[in-house]
>>> print(open('final-v5.pdb').read())   # PDB, C-alpha atoms
ATOM      1  CA  GLN D   1     148.766  42.717-123.862
ATOM      2  CA  ASN D   2     145.595  40.690-124.442
ATOM      3  CA  ARG D   3     146.039  39.118-121.021
ATOM      4  CA  ASN D   4     146.278  42.554-119.395
ATOM      5  CA  LYS D   5     143.132  43.682-121.197
ATOM      6  CA  GLU D   6     141.310  40.589-119.986
ATOM      7  CA  ARG D   7     142.444  41.193-116.402
ATOM      8  CA  LYS D   8     141.275  44.806-116.544
ATOM      9  CA  LYS D   9     137.944  43.676-117.969
ATOM     10  CA  GLN D  10     137.508  41.101-115.205
ATOM     11  CA  LYS D  11     138.399  43.667-112.533
ATOM     12  CA  LYS D  12     135.930  46.148-113.990
ATOM     13  CA  MET D  13     133.159  43.537-113.971
ATOM     14  CA  LYS D  14     133.986  42.498-110.405
ATOM     15  CA  ASN D  15     133.803  46.116-109.273
ATOM     16  CA  LEU D  16     130.427  46.464-110.980
ATOM     17  CA  PHE D  17     129.061  43.362-109.266
ATOM     18  CA  GLN D  18     130.070  44.716-105.844
ATOM     19  CA  ASN D  19     127.191  47.115-106.397
ATOM     20  CA  THR D  20     124.760  44.242-105.866
ATOM     21  CA  ARG D  21     125.806  44.414-102.220
ATOM     22  CA  LYS D  22     125.849  48.179-101.744
ATOM     23  CA  PRO D  23     125.182  50.298-104.828
ATOM     24  CA  GLU D  24     127.457  53.330-105.081
ATOM     25  CA  GLY D  25     128.076  55.962-107.742
ATOM     26  CA  LEU D  26     127.390  55.467-111.429
ATOM     27  CA  GLY D  27     128.026  51.719-111.265
ATOM     28  CA  GLY D  28     125.464  51.464-108.491
ATOM     29  CA  ARG D  29     122.853  53.332-110.507
ATOM     30  CA  ILE D  30     123.446  51.036-113.484
ATOM     31  CA  MET D  31     123.153  47.957-111.261
ATOM     32  CA  LEU D  32     119.902  49.183-109.702
ATOM     33  CA  ASN D  33     118.340  49.550-113.145
ATOM     34  CA  MET D  34     119.523  46.049-114.022
ATOM     35  CA  MET D  35     118.126  44.574-110.802
ATOM     36  CA  ASN D  36     114.769  46.339-111.114
ATOM     37  CA  ALA D  37     114.294  44.696-114.511
ATOM     38  CA  GLY D  38     116.102  41.410-113.916
ATOM     39  CA  HIS D  39     114.376  40.452-110.662
ATOM     40  CA  ALA D  40     110.820  41.194-111.801
ATOM     41  CA  MET D  41     109.801  37.564-112.390
ATOM     42  CA  LEU D  42     111.403  36.385-109.144
ATOM     43  CA  SER D  43     109.600  39.087-107.166
ATOM     44  CA  LYS D  44     106.244  38.313-108.778
ATOM     45  CA  TRP D  45     106.669  34.644-107.875
ATOM     46  CA  GLY D  46     107.680  35.498-104.322
ATOM     47  CA  LEU D  47     104.743  37.838-103.752
ATOM     48  CA  SER D  48     102.348  35.115-104.912
ATOM     49  CA  HIS D  49     103.052  33.312-101.629
ATOM     50  CA  ILE D  50     101.621  35.998 -99.348
ATOM     51  CA  ALA D  51      98.148  37.508 -99.145
ATOM     52  CA  LEU D  52      98.105  41.186 -98.234
ATOM     53  CA  ASP D  53      95.091  43.233 -97.201
ATOM     54  CA  ARG D  54      94.409  46.645 -98.719
ATOM     55  CA  GLU D  55      94.743  48.157 -95.225
ATOM     56  CA  ASP D  56      98.148  46.593 -94.496
ATOM     57  CA  ASP D  57     101.337  48.477 -93.743
ATOM     58  CA  VAL D  58     104.349  46.766 -95.314
ATOM     59  CA  LEU D  59     108.110  47.237 -95.004
ATOM     60  CA  ASP D  60     110.517  46.244 -97.801
ATOM     61  CA  VAL D  61     113.997  45.753 -96.312
ATOM     62  CA  GLY D  62     116.949  46.155 -98.674
ATOM     63  CA  CYS D  63     114.583  47.856-101.079
ATOM     64  CA  GLY D  64     117.233  48.501-103.736
ATOM     65  CA  GLY D  65     115.846  50.360-106.746
ATOM     66  CA  GLY D  66     112.271  50.384-105.463
ATOM     67  CA  ALA D  67     110.607  48.072-107.999
ATOM     68  CA  ASN D  68     109.219  45.798-105.284
ATOM     69  CA  ILE D  69     107.866  48.792-103.400
ATOM     70  CA  SER D  70     105.945  49.717-106.562
ATOM     71  CA  ALA D  71     104.467  46.216-106.723
ATOM     72  CA  LEU D  72     103.544  46.269-103.029
ATOM     73  CA  LEU D  73     101.829  49.645-103.418
ATOM     74  CA  THR D  74      99.305  48.005-105.763
ATOM     75  CA  MET D  75      98.448  45.533-102.995
ATOM     76  CA  CYS D  76      98.210  47.593 -99.801
ATOM     77  CA  ARG D  77      97.713  51.118 -98.492
ATOM     78  CA  ARG D  78     101.193  52.026 -97.320
ATOM     79  CA  VAL D  79     104.717  50.773 -97.972
ATOM     80  CA  SER D  80     107.958  51.752 -96.269
ATOM     81  CA  GLY D  81     111.407  50.988 -97.631
ATOM     82  CA  LEU D  82     114.800  50.706 -95.986
ATOM     83  CA  ASP D  83     118.238  50.365 -97.555
ATOM     84  CA  TYR D  84     121.748  51.096 -96.323
ATOM     85  CA  SER D  85     122.807  52.497 -99.688
ATOM     86  CA  SER D  86     122.065  56.192-100.240
ATOM     87  CA  VAL D  87     122.074  55.561-104.001
ATOM     88  CA  SER D  88     119.367  52.898-103.553
ATOM     89  CA  VAL D  89     117.253  55.187-101.391
ATOM     90  CA  GLU D  90     117.528  57.959-103.977
ATOM     91  CA  LYS D  91     116.531  55.601-106.802
ATOM     92  CA  ALA D  92     113.650  54.025-104.868
ATOM     93  CA  ILE D  93     112.232  57.442-103.995
ATOM     94  CA  SER D  94     112.458  58.497-107.655
ATOM     95  CA  VAL D  95     110.710  55.332-108.869
ATOM     96  CA  ASN D  96     107.910  55.796-106.320
ATOM     97  CA  SER D  97     107.794  59.609-106.289
ATOM     98  CA  VAL D  98     104.007  59.880-106.643
ATOM     99  CA  ALA D  99     103.354  57.575-103.674
ATOM    100  CA  VAL D 100     106.039  59.350-101.642
ATOM    101  CA  ALA D 101     104.446  62.728-102.364
ATOM    102  CA  SER D 102     100.990  61.467-101.372
ATOM    103  CA  GLY D 103     102.249  59.990 -98.111
ATOM    104  CA  ARG D 104     101.612  56.358 -99.041
ATOM    105  CA  CYS D 105     105.326  55.586 -99.207
ATOM    106  CA  SER D 106     108.348  56.442 -97.094
ATOM    107  CA  ILE D 107     111.913  55.301 -97.884
ATOM    108  CA  VAL D 108     114.826  55.771 -95.503
ATOM    109  CA  GLN D 109     118.499  54.882 -95.245
ATOM    110  CA  GLY D 110     119.343  52.521 -92.410
ATOM    111  CA  ASP D 111     120.644  49.169 -91.163
ATOM    112  CA  VAL D 112     118.412  46.106 -90.824
ATOM    113  CA  GLN D 113     120.118  45.320 -87.502
ATOM    114  CA  GLU D 114     118.840  48.569 -85.954
ATOM    115  CA  MET D 115     115.862  49.921 -87.859
ATOM    116  CA  PRO D 116     114.295  53.334 -87.151
ATOM    117  CA  PHE D 117     110.783  51.945 -86.680
ATOM    118  CA  GLU D 118     108.585  51.383 -83.622
ATOM    119  CA  LYS D 119     107.842  47.845 -82.509
ATOM    120  CA  CYS D 120     104.737  46.195 -83.959
ATOM    121  CA  SER D 121     104.572  48.702 -86.839
ATOM    122  CA  PHE D 122     104.065  46.435 -89.861
ATOM    123  CA  ASP D 123     101.682  43.720 -91.012
ATOM    124  CA  ALA D 124     104.356  42.298 -93.322
ATOM    125  CA  VAL D 125     108.070  42.635 -93.998
ATOM    126  CA  THR D 126     109.652  41.586 -97.290
ATOM    127  CA  ALA D 127     113.296  40.956 -98.181
ATOM    128  CA  PHE D 128     114.105  40.311-101.844
ATOM    129  CA  GLU D 129     117.647  39.353-102.897
ATOM    130  CA  THR D 130     119.216  40.955 -99.826
ATOM    131  CA  VAL D 131     119.789  38.523 -96.929
ATOM    132  CA  TYR D 132     122.951  37.324 -98.710
ATOM    133  CA  PHE D 133     124.680  40.447 -97.409
ATOM    134  CA  TRP D 134     123.406  40.731 -93.838
ATOM    135  CA  ASP D 135     126.262  40.608 -91.326
ATOM    136  CA  ASP D 136     124.343  39.127 -88.384
ATOM    137  CA  MET D 137     121.346  37.106 -89.510
ATOM    138  CA  LEU D 138     119.970  36.296 -86.051
ATOM    139  CA  ARG D 139     120.135  39.903 -84.938
ATOM    140  CA  SER D 140     118.581  41.049 -88.211
ATOM    141  CA  PHE D 141     115.748  38.506 -87.993
ATOM    142  CA  ALA D 142     115.097  39.461 -84.366
ATOM    143  CA  GLU D 143     114.877  43.122 -85.398
ATOM    144  CA  ILE D 144     112.401  42.263 -88.155
ATOM    145  CA  ARG D 145     110.339  40.299 -85.646
ATOM    146  CA  ARG D 146     110.359  43.341 -83.360
ATOM    147  CA  VAL D 147     108.809  45.658 -85.964
ATOM    148  CA  LEU D 148     106.192  43.110 -87.073
ATOM    149  CA  LYS D 149     102.727  43.140 -85.550
ATOM    150  CA  PRO D 150     101.615  39.936 -83.768
ATOM    151  CA  GLY D 151     100.729  37.425 -86.478
ATOM    152  CA  GLY D 152     102.610  39.473 -89.082
ATOM    153  CA  ILE D 153     104.383  37.722 -91.941
ATOM    154  CA  PHE D 154     108.028  37.877 -93.032
ATOM    155  CA  LEU D 155     108.853  36.988 -96.644
ATOM    156  CA  ILE D 156     112.360  36.164 -97.888
ATOM    157  CA  CYS D 157     112.863  35.653-101.624
ATOM    158  CA  ASN D 158     116.187  34.750-103.267
ATOM    159  CA  GLU D 159     117.117  33.569-106.742
ATOM    160  CA  SER D 160     120.008  31.496-105.320
ATOM    161  CA  ASP D 161     119.685  28.659-102.811
ATOM    162  CA  GLY D 162     123.110  27.066-103.251
ATOM    163  CA  THR D 163     121.945  24.215-105.487
ATOM    164  CA  LYS D 164     123.034  25.622-108.864
ATOM    165  CA  LYS D 165     126.540  25.707-110.332
ATOM    166  CA  SER D 166     126.062  29.383-111.115
ATOM    167  CA  ASP D 167     125.743  30.068-107.370
ATOM    168  CA  GLU D 168     129.457  29.360-106.947
ATOM    169  CA  ARG D 169     130.310  31.931-109.594
ATOM    170  CA  TRP D 170     128.303  34.576-107.760
ATOM    171  CA  LEU D 171     130.270  33.852-104.599
ATOM    172  CA  GLU D 172     133.492  34.363-106.546
ATOM    173  CA  LYS D 173     132.307  37.637-108.072
ATOM    174  CA  ILE D 174     130.767  39.274-104.997
ATOM    175  CA  GLU D 175     132.761  39.743-101.821
ATOM    176  CA  GLY D 176     130.910  39.230 -98.545
ATOM    177  CA  MET D 177     128.076  37.238-100.112
ATOM    178  CA  THR D 178     126.604  34.177 -98.389
ATOM    179  CA  ILE D 179     124.057  31.935-100.086
ATOM    180  CA  TYR D 180     121.587  30.260 -97.736
ATOM    181  CA  SER D 181     119.736  27.002 -98.252
ATOM    182  CA  SER D 182     116.139  26.344 -97.245
ATOM    183  CA  ALA D 183     117.336  24.563 -94.119
ATOM    184  CA  ASP D 184     119.687  27.437 -93.231
ATOM    185  CA  LEU D 185     116.955  30.057 -93.412
ATOM    186  CA  SER D 186     114.357  27.922 -91.646
ATOM    187  CA  GLY D 187     116.739  27.217 -88.780
ATOM    188  CA  LEU D 188     117.697  30.867 -88.367
ATOM    189  CA  LEU D 189     114.078  32.004 -88.444
ATOM    190  CA  GLU D 190     113.118  29.443 -85.818
ATOM    191  CA  SER D 191     116.045  30.533 -83.627
ATOM    192  CA  ALA D 192     114.857  34.152 -83.936
ATOM    193  CA  GLY D 193     111.425  33.185 -82.624
ATOM    194  CA  PHE D 194     109.414  32.882 -85.835
ATOM    195  CA  ALA D 195     106.751  30.229 -86.315
ATOM    196  CA  ASN D 196     104.696  28.638 -89.117
ATOM    197  CA  ILE D 197     107.730  28.601 -91.419
ATOM    198  CA  LYS D 198     106.997  27.599 -95.004
ATOM    199  CA  VAL D 199     109.454  27.026 -97.850
ATOM    200  CA  TYR D 200     108.826  27.224-101.600
ATOM    201  CA  ASN D 201     111.296  26.333-104.356
ATOM    202  CA  LYS D 202     111.346  26.859-108.096
ATOM    203  CA  LYS D 203     114.329  26.058-110.334
ATOM    204  CA  GLY D 204     116.860  27.108-107.718
ATOM    205  CA  TRP D 205     114.784  30.035-106.511
ATOM    206  CA  ILE D 206     113.762  30.049-102.864
ATOM    207  CA  CYS D 207     110.932  31.732-101.001
ATOM    208  CA  VAL D 208     110.463  31.425 -97.235
ATOM    209  CA  THR D 209     107.583  32.818 -95.191
ATOM    210  CA  ALA D 210     107.337  32.935 -91.408
ATOM    211  CA  ARG D 211     104.934  34.362 -88.825
ATOM    212  CA  LYS D 212     105.552  36.342 -85.657
TER     213      LYS D 212
END
>>> encode(input="final-v5.pdb", output="C-alpha cells")
Amino acid sequence: QNRNKERKKQKKMKNLFQNTRKPEGLGGRIMLNMMNAGHAMLSKWGLSHIALDREDDVLDVGCGGGANISALLTMCRRVSGLDYSSVSVEKAISVNSVAVASGRCSIVQGDVQEMPFEKCSFDAVTAFETVYFWDDMLRSFAEIRRVLKPGGIFLICNESDGTKKSDERWLEKIEGMTIYSSADLSGLLESAGFANIKVYNKKGWICVTARK
C-alpha cells in the first residue's frame, strides 16, 4: 500500500513538472507562479549581460508567467511576449495588465518556429528557461534572427547547462527536455547566422548573447 502511494505521488509530481514545458490547467497556473518567483535571480543575472535603450522594442520568447516582461518594461519602451501555452499568455497578460492597457506591451500565443511578427521588428529578443523545449533549434534561431533588427541582440538564459548532477534528474522528470551546453548553443547560433557570440557561466547557470 505504501508503495502504491509513493508511485501515485511520483506520478502526480511528474505530471506537475510537465507544466514547465507547456503549462495547462490548474497545474500550469501553479507552475507559472512557482517559475515567476523561482527564476527571479537567474533572470536578473541574465539581463545584466545586455544593455537596452529606453527606446528599444524587445520580444520575450517563451514568456511564461510574464515576470521577465515586467522586468524588461522597466528598461525599454515596449515589450512583446510570445508563448505557445494559452495559460501562460493569460497569466502574462494579467501580470502586465497596466502595460498591456497602455499599449506598451502585447502578448500573443504562437510558435517560435513561425512567429507572427514582421522581419526586423525588434532591437532585442530574450529567451529565459525555454530553449530546452524547442523542437527545431536551427529553425527557431533563424526565425529569431529574422525578426531582429540589424545589429540586434539575442539573449538565452538557462539555469541548467548539463554540468550539474541535478540536470539529469530534470531530464528524468520532464519529457521532451534537452539541456544544452555552452558549446551546443554557440554552435547552433553560429550555424543560424549569428555573430559576436558571448558566453557567461555562473554555478551551472548559462547565459549566451549573440548579434544579428
>>> resolve_selection(input="final-v5.pdb", expression="the PyMOL selection byres ((chain D and resi 123) around 8)", output="list in words")
Asp56, Asp57, Val58, Ser121, Phe122, Ala124, Val125, Leu148, Lys149, Gly151, Gly152 and Ile153 of chain D
>>> resolve_selection(input="final-v5.pdb", expression="the PyMOL selection byres ((chain D and resi 82) around 6)", output="list in words")
Val61, Gly62, Cys63, Gly81, Asp83, Ile107, Val108 and Gln109 of chain D
>>> resolve_selection(input="final-v5.pdb", expression="the PyMOL selection byres ((chain D and resi 72) around 10)", output="ChimeraX atom specification")
/D:47,52,57-60,66-71,73-80,126
>>> atom_distance(input="final-v5.pdb", atom1="CA of Lys119 in chain D", atom2="CA of Ala210 in chain D")
17.4 Å
>>> atom_distance(input="final-v5.pdb", atom1="CA of Arg139 in chain D", atom2="CA of Val87 in chain D")
24.7 Å
>>> residues_around(input="final-v5.pdb", residues="Arg211 in chain D", least_positions_apart="4", cutoff="12 Å", atoms="all atoms listed in the file", output="list in words")
Ile50, Asp123, Ala124, Val125, Phe141, Ile144, Arg145, Arg146, Leu148, Lys149, Pro150, Gly151, Gly152, Ile153, Phe154, Leu155, Ile156, Ser186, Leu189, Glu190, Ala192, Gly193, Phe194, Ala195, Asn196, Ile197 and Lys198 of chain D
>>> atom_distance(input="final-v5.pdb", atom1="CA of Val131 in chain D", atom2="CA of Trp205 in chain D")
13.7 Å
>>> residues_around(input="final-v5.pdb", residues="Ser160 in chain D", least_positions_apart="4", cutoff="9 Å", atoms="all atoms listed in the file", output="list in words")
Glu129, Lys164, Ser166, Asp167, Ile179, Tyr180, Ser181, Gly204, Trp205 and Ile206 of chain D
>>> closest_residue(input="final-v5.pdb", among="D:His49, D:Arg54, D:Lys202, D:Arg104", to="Ser182 in chain D", atoms="all atoms listed in the file")
D:Lys202
>>> closest_residue(input="final-v5.pdb", among="D:Val98, D:Asn201, D:Cys157, D:Ser191", to="Phe128 in chain D", atoms="all atoms listed in the file")
D:Cys157
>>> closest_residue(input="final-v5.pdb", among="D:Lys212, D:Val89, D:Asp111, D:Thr178", to="Ser140 in chain D", atoms="all atoms listed in the file")
D:Asp111
